[in-house]
$ cat work.cif   # mmCIF, C-alpha atoms
data_my_file
#
loop_
_atom_site.label_atom_id
_atom_site.label_comp_id
_atom_site.auth_asym_id
_atom_site.auth_seq_id
_atom_site.Cartn_x
_atom_site.Cartn_y
_atom_site.Cartn_z
CA MET A 240 -36.06 46.06 64.02
CA ARG A 241 -34.57 45.98 60.51
CA HIS A 242 -31.32 44.64 61.94
CA LEU A 243 -33.17 41.81 63.65
CA GLY A 244 -34.69 40.79 60.30
CA ALA A 245 -31.27 40.87 58.61
CA ILE A 246 -29.75 38.80 61.42
CA LEU A 247 -32.57 36.26 61.14
CA VAL A 248 -32.12 35.95 57.35
CA CYS A 249 -28.36 35.52 57.81
CA PHE A 250 -28.88 32.88 60.50
CA LEU A 251 -31.37 30.90 58.40
CA THR A 252 -29.15 31.06 55.32
CA CYS A 253 -26.13 29.85 57.29
CA ALA A 254 -28.14 27.14 59.04
CA MET A 255 -29.28 25.73 55.72
CA ALA A 256 -25.66 25.53 54.55
CA TRP A 257 -24.51 23.55 57.58
CA PRO A 258 -24.16 19.84 56.89
CA GLN A 259 -26.99 17.71 58.17
CA GLU A 260 -26.16 14.81 60.42
CA TYR A 261 -28.00 11.69 61.36
CA ALA A 262 -26.86 9.22 64.00
CA PRO A 263 -28.10 5.71 63.15
CA LEU A 264 -29.75 3.73 65.90
CA HIS A 265 -28.02 0.62 67.22
CA GLY A 266 -28.15 -2.02 64.48
CA GLU A 267 -29.45 0.42 61.84
CA THR A 268 -27.75 0.73 58.45
CA VAL A 269 -28.06 4.09 56.69
CA LEU A 270 -27.07 5.29 53.24
CA ARG A 271 -25.85 8.90 53.14
CA LEU A 272 -25.94 10.69 49.80
CA SER A 273 -24.14 14.03 49.79
CA VAL A 274 -25.70 16.05 46.98
CA SER A 275 -23.51 18.89 45.70
CA GLY A 276 -24.91 22.30 46.57
CA ARG A 277 -27.86 20.86 48.48
CA GLY A 278 -26.78 18.73 51.44
CA ASP A 279 -27.13 15.19 52.73
CA ILE A 280 -29.98 12.73 52.37
CA PHE A 281 -29.99 9.84 54.86
CA VAL A 282 -31.79 6.62 53.91
CA HIS A 283 -32.60 3.88 56.41
CA LEU A 284 -31.89 0.61 54.57
CA GLU A 285 -34.39 -2.22 55.09
CA THR A 286 -31.66 -4.85 55.51
CA THR A 287 -34.07 -7.41 57.01
CA LYS A 288 -36.87 -7.03 54.44
CA ALA A 289 -34.58 -6.59 51.40
CA PRO A 290 -31.27 -8.24 52.36
CA LYS A 291 -30.03 -8.98 48.81
CA THR A 292 -30.99 -5.57 47.46
CA CYS A 293 -29.42 -3.73 50.41
CA ALA A 294 -26.24 -5.84 50.26
CA HIS A 295 -25.95 -5.06 46.53
CA ILE A 296 -26.43 -1.30 47.03
CA ILE A 297 -24.00 -1.30 49.98
CA ALA A 298 -21.34 -3.11 47.90
CA LEU A 299 -21.74 -0.55 45.09
CA VAL A 300 -21.47 2.34 47.56
CA GLN A 301 -18.31 0.85 49.07
CA LYS A 302 -16.77 0.66 45.56
CA GLY A 303 -17.56 4.36 44.98
CA PHE A 304 -20.07 3.52 42.23
CA TYR A 305 -22.48 6.38 43.06
CA ASP A 306 -19.82 9.06 43.62
CA GLY A 307 -20.17 11.65 40.85
CA LEU A 308 -23.41 10.28 39.39
CA LYS A 309 -26.21 12.65 38.40
CA PHE A 310 -29.92 12.46 38.93
CA TYR A 311 -30.98 11.86 35.33
CA ARG A 312 -34.73 11.64 35.81
CA VAL A 313 -36.74 13.97 38.04
CA GLU A 314 -40.46 14.10 37.41
CA ARG A 315 -42.80 16.54 39.13
CA ASN A 316 -45.52 17.17 36.55
CA PRO A 317 -48.43 16.83 36.69
CA ARG A 318 -47.57 16.00 40.34
CA PRO A 319 -44.41 15.00 42.23
CA PHE A 320 -43.35 11.50 41.21
CA ILE A 321 -39.68 10.37 41.34
CA ALA A 322 -36.01 11.39 41.37
CA MET A 323 -33.81 8.65 39.86
CA ILE A 324 -30.08 7.94 39.98
CA GLY A 325 -27.76 5.02 39.28
CA ASP A 326 -26.82 5.09 35.60
CA PRO A 327 -23.00 5.35 35.33
CA GLY A 328 -23.41 7.05 31.95
CA THR A 329 -24.44 10.24 33.75
CA ARG A 330 -20.76 10.89 34.51
CA THR A 331 -19.95 11.52 30.84
CA LYS A 332 -23.12 11.77 28.76
CA PRO A 333 -25.33 14.84 28.42
CA LEU A 334 -28.59 14.59 30.34
CA ASP A 335 -30.62 14.58 27.12
CA ASP A 336 -28.81 11.46 25.84
CA PRO A 337 -31.56 8.94 24.99
CA THR A 338 -29.47 6.03 26.30
CA LEU A 339 -29.51 7.32 29.88
CA GLY A 340 -31.55 4.98 32.02
CA SER A 341 -30.16 1.86 30.36
CA GLY A 342 -26.80 1.73 32.17
CA ASP A 343 -26.12 -0.20 35.35
CA SER A 344 -23.40 -2.13 37.18
CA GLY A 345 -23.97 -5.32 35.19
CA HIS A 346 -25.04 -7.37 38.22
CA PRO A 347 -28.84 -7.54 38.57
CA VAL A 348 -30.45 -8.56 41.85
CA ALA A 349 -33.27 -11.09 42.20
CA TYR A 350 -36.57 -9.42 43.10
CA GLU A 351 -37.46 -9.23 46.79
CA ASN A 352 -41.08 -8.53 47.67
CA THR A 353 -40.70 -6.38 50.76
CA HIS A 354 -44.46 -5.68 51.03
CA LEU A 355 -43.50 -2.03 51.64
CA THR A 356 -45.54 0.62 49.85
CA HIS A 357 -44.36 3.52 47.73
CA THR A 358 -44.98 6.67 49.76
CA GLU A 359 -43.15 10.00 49.87
CA GLY A 360 -39.56 9.41 50.95
CA THR A 361 -39.36 5.71 50.15
CA VAL A 362 -36.45 4.47 48.05
CA SER A 363 -37.01 1.76 45.49
CA LEU A 364 -34.87 -0.31 43.13
CA ALA A 365 -35.81 0.38 39.52
CA THR A 366 -36.80 -2.64 37.44
CA LEU A 367 -37.69 -3.01 33.78
CA PRO A 368 -41.38 -3.44 32.95
CA GLY A 369 -42.23 -7.15 33.00
CA ASP A 370 -38.87 -8.22 34.47
CA LEU A 371 -38.88 -8.03 38.26
CA ASP A 372 -35.35 -9.55 38.40
CA SER A 373 -33.80 -6.72 36.35
CA GLY A 374 -33.06 -4.32 39.25
CA ASP A 375 -29.40 -3.35 39.58
CA SER A 376 -27.79 0.00 40.41
CA GLN A 377 -30.62 2.38 39.52
CA PHE A 378 -32.94 3.49 42.28
CA PHE A 379 -35.39 6.28 42.86
CA PHE A 380 -36.84 8.43 45.61
CA CYS A 381 -40.63 8.68 45.69
CA LEU A 382 -41.50 12.37 45.77
CA ASP A 383 -45.12 11.49 46.58
CA ASN A 384 -47.28 8.40 47.04
CA ALA A 385 -46.99 6.04 44.06
CA HIS A 386 -48.93 2.94 45.09
CA PHE A 387 -49.29 1.79 41.48
CA LEU A 388 -45.59 0.76 41.79
CA ASP A 389 -46.25 -1.52 44.79
CA GLY A 390 -45.25 -5.09 43.95
CA LYS A 391 -43.27 -3.93 40.89
CA ASP A 392 -40.22 -2.01 42.09
CA PRO A 393 -39.00 -3.22 45.50
CA VAL A 394 -38.86 -0.60 48.24
CA PHE A 395 -35.58 -1.07 50.12
CA GLY A 396 -35.36 2.07 52.25
CA HIS A 397 -36.85 5.35 53.36
CA VAL A 398 -35.51 8.82 54.04
CA VAL A 399 -34.90 9.43 57.75
CA ALA A 400 -33.21 12.84 57.43
CA GLY A 401 -32.84 15.31 54.59
CA ILE A 402 -36.33 14.88 53.16
CA ASP A 403 -36.36 18.64 52.53
CA ILE A 404 -33.31 18.14 50.29
CA MET A 405 -34.93 15.16 48.56
CA ARG A 406 -37.97 17.32 47.77
CA THR A 407 -35.76 19.92 46.00
CA LEU A 408 -33.73 17.50 43.84
CA GLN A 409 -33.32 18.70 40.27
CA LEU A 410 -32.30 17.10 37.00
CA GLY A 411 -28.48 17.05 36.91
CA ASP A 412 -27.89 17.25 40.68
CA VAL A 413 -24.69 15.37 41.47
CA VAL A 414 -24.04 12.92 44.29
CA LYS A 415 -20.66 14.11 45.50
CA THR A 416 -20.20 11.07 47.74
CA ALA A 417 -22.22 8.14 48.95
CA ALA A 418 -21.43 6.34 52.20
CA VAL A 419 -22.87 3.62 54.42
CA ILE A 420 -23.15 4.38 58.14
CA LYS A 421 -23.87 1.65 60.67
CA GLY A 422 -25.26 2.21 64.13
#
$ encode --input "work.cif" --output "structure tokens"
Amino acid sequence: MRHLGAILVCFLTCAMAWPQEYAPLHGETVLRLSVSGRGDIFVHLETTKAPKTCAHIIALVQKGFYDGLKFYRVERNPRPFIAMIGDPGTRTKPLDDPTLGSGDSGHPVAYENTHLTHTEGTVSLATLPGDLDSGDSQFFFCLDNAHFLDGKDPVFGHVVAGIDIMRTLQLGDVVKTAAVIKG
């Protein structure tokens, strides 16, 4: 019986290390973020509801913009909130640098009201308070419902696979590679 338990633990440990896969549906566009030491997060992009935002993010991914970036803001207290990425300064600056959060690609996107709500697993373009047209390369995963952000930061996607990995994101986790997959 002890051997069965050891085999089960080994199997579960190995299964968690296997890469996750997601096959997009016909016509679906998916962002895959491969997070070092954790696995892949797959995000369905709302290309119809947020065409400009999605096109901007896709163009950045195709240029390799997100490869090597770190999650520089992960908030869980007093309850799960967000995990944010997209500041190119995270490649070289320490995570306690007060300027992190101010860097971007230099090409903001006009605000798109998608009428989608901020729930666990949604992905939203970060904007500056009072300037809806300031969204650029920084985006965040909602780790829980955050309806107070509705109408402020445009939701442009939602996690379709790897939500367990999203839930475990930590400050400093690195996106090894980002890719766009089309179905």
$ atom_distance --input "work.cif" --atom1 "atom CA of Lys309 of chain A" --atom2 "atom CA of Glu260 of chain A"
22.1 Å
$ closest_residue --input "work.cif" --among "A:Ile321, A:Met405, A:Val394, A:Ala349" --to "Ile280 of chain A" --atoms "all atoms listed in the file"
A:Met405
$ residues_around --input "work.cif" --residues "segment 366-383 of chain A" --least-positions-apart "6" --cutoff "6 Å" --atoms "all atoms listed in the file" --output "count of residues only"
17
$ resolve_selection --input "work.cif" --expression "the PyMOL selection byres ((chain A and resi 352) around 9)" --output "ChimeraX atom specification"
/A:288-289,350-351,353-355,390-394
$ atom_distance --input "work.cif" --atom1 "atom CA of Gly276 of chain A" --atom2 "atom CA of Ala418 of chain A"
17.3 Å
$ atom_distance --input "work.cif" --atom1 "atom CA of Tyr261 of chain A" --atom2 "atom CA of Phe395 of chain A"
18.6 Å
$ closest_residue --input "work.cif" --among "A:His386, A:Lys291, A:Arg330, A:Lys421" --to "Phe304 of chain A" --atoms "all atoms listed in the file"
A:Arg330
$ resolve_selection --input "work.cif" --expression "the PyMOL selection byres ((chain A and resi 397) around 8)" --output "list in words"
Val282, His283, Leu284, Gly360, Thr361, Val362, Phe395, Gly396, Val398 and Val399 of chain A
$ resolve_selection --input "work.cif" --expression "the PyMOL selection byres ((chain A and resi 301) around 12)" --output "CSV table (one decimal) with C-alpha atoms, in the frame of the given file"
chain,number,residue,atom,x,y,z
A,270,LEU,CA,-27.1,5.3,53.2
A,271,ARG,CA,-25.8,8.9,53.1
A,294,ALA,CA,-26.2,-5.8,50.3
A,295,HIS,CA,-26.0,-5.1,46.5
A,296,ILE,CA,-26.4,-1.3,47.0
A,297,ILE,CA,-24.0,-1.3,50.0
A,298,ALA,CA,-21.3,-3.1,47.9
A,299,LEU,CA,-21.7,-0.6,45.1
A,300,VAL,CA,-21.5,2.3,47.6
A,302,LYS,CA,-16.8,0.7,45.6
A,303,GLY,CA,-17.6,4.4,45.0
A,304,PHE,CA,-20.1,3.5,42.2
A,305,TYR,CA,-22.5,6.4,43.1
A,306,ASP,CA,-19.8,9.1,43.6
A,416,THR,CA,-20.2,11.1,47.7
A,417,ALA,CA,-22.2,8.1,49.0
A,418,ALA,CA,-21.4,6.3,52.2
A,419,VAL,CA,-22.9,3.6,54.4
A,420,ILE,CA,-23.2,4.4,58.1
$ closest_residue --input "work.cif" --among "A:Gly340, A:Pro327, A:Pro290, A:Gly345" --to "Arg312 of chain A" --atoms "only C-alpha atoms"
A:Gly340
$ decode --input "work.cif" --residues "segment 271-316 of chain A" --atoms "C-alpha atoms" --output "JSON list (two decimals), in the first residue's frame"
[["chain", "number", "residue", "atom", "x", "y", "z"],
["A", 271, "ARG", "CA", -0.02, 31.69, -24.47],
["A", 272, "LEU", "CA", 2.24, 32.87, -21.68],
["A", 273, "SER", "CA", 4.88, 30.34, -20.64],
["A", 274, "VAL", "CA", 5.80, 31.21, -17.06],
["A", 275, "SER", "CA", 9.20, 29.87, -15.96],
["A", 276, "GLY", "CA", 8.90, 27.12, -13.38],
["A", 277, "ARG", "CA", 5.10, 27.16, -13.43],
["A", 278, "GLY", "CA", 3.68, 26.33, -16.86],
["A", 279, "ASP", "CA", 1.47, 27.88, -19.51],
["A", 280, "ILE", "CA", -1.48, 30.23, -19.18],
["A", 281, "PHE", "CA", -3.78, 30.41, -22.21],
["A", 282, "VAL", "CA", -5.89, 33.55, -22.71],
["A", 283, "HIS", "CA", -8.78, 33.76, -25.16],
["A", 284, "LEU", "CA", -8.49, 37.20, -26.77],
["A", 285, "GLU", "CA", -11.73, 39.12, -27.31],
["A", 286, "THR", "CA", -10.76, 40.22, -30.83],
["A", 287, "THR", "CA", -14.34, 41.24, -31.72],
["A", 288, "LYS", "CA", -15.10, 43.23, -28.54],
["A", 289, "ALA", "CA", -11.61, 44.77, -28.18],
["A", 290, "PRO", "CA", -10.10, 44.74, -31.69],
["A", 291, "LYS", "CA", -7.61, 47.60, -31.19],
["A", 292, "THR", "CA", -6.44, 46.38, -27.80],
["A", 293, "CYS", "CA", -6.03, 42.78, -29.01],
["A", 294, "ALA", "CA", -4.23, 43.88, -32.20],
["A", 295, "HIS", "CA", -1.84, 45.97, -30.08],
["A", 296, "ILE", "CA", -1.09, 43.12, -27.65],
["A", 297, "ILE", "CA", -0.68, 40.65, -30.54],
["A", 298, "ALA", "CA", 1.79, 43.00, -32.28],
["A", 299, "LEU", "CA", 3.82, 43.32, -29.06],
["A", 300, "VAL", "CA", 3.84, 39.53, -28.59],
["A", 301, "GLN", "CA", 5.02, 39.02, -32.17],
["A", 302, "LYS", "CA", 7.92, 41.44, -31.53],
["A", 303, "GLY", "CA", 8.94, 39.45, -28.42],
["A", 304, "PHE", "CA", 8.05, 42.35, -26.11],
["A", 305, "TYR", "CA", 6.78, 40.15, -23.24],
["A", 306, "ASP", "CA", 9.56, 37.54, -23.42],
["A", 307, "GLY", "CA", 11.63, 37.80, -20.23],
["A", 308, "LEU", "CA", 9.32, 40.25, -18.44],
["A", 309, "LYS", "CA", 8.49, 39.74, -14.77],
["A", 310, "PHE", "CA", 5.24, 40.03, -12.90],
["A", 311, "TYR", "CA", 6.02, 43.17, -10.90],
["A", 312, "ARG", "CA", 2.75, 43.51, -9.01],
["A", 313, "VAL", "CA", 0.90, 40.62, -7.40],
["A", 314, "GLU", "CA", -1.66, 41.51, -4.76],
["A", 315, "ARG", "CA", -3.47, 38.95, -2.63],
["A", 316, "ASN", "CA", -4.07, 40.77, 0.66]]
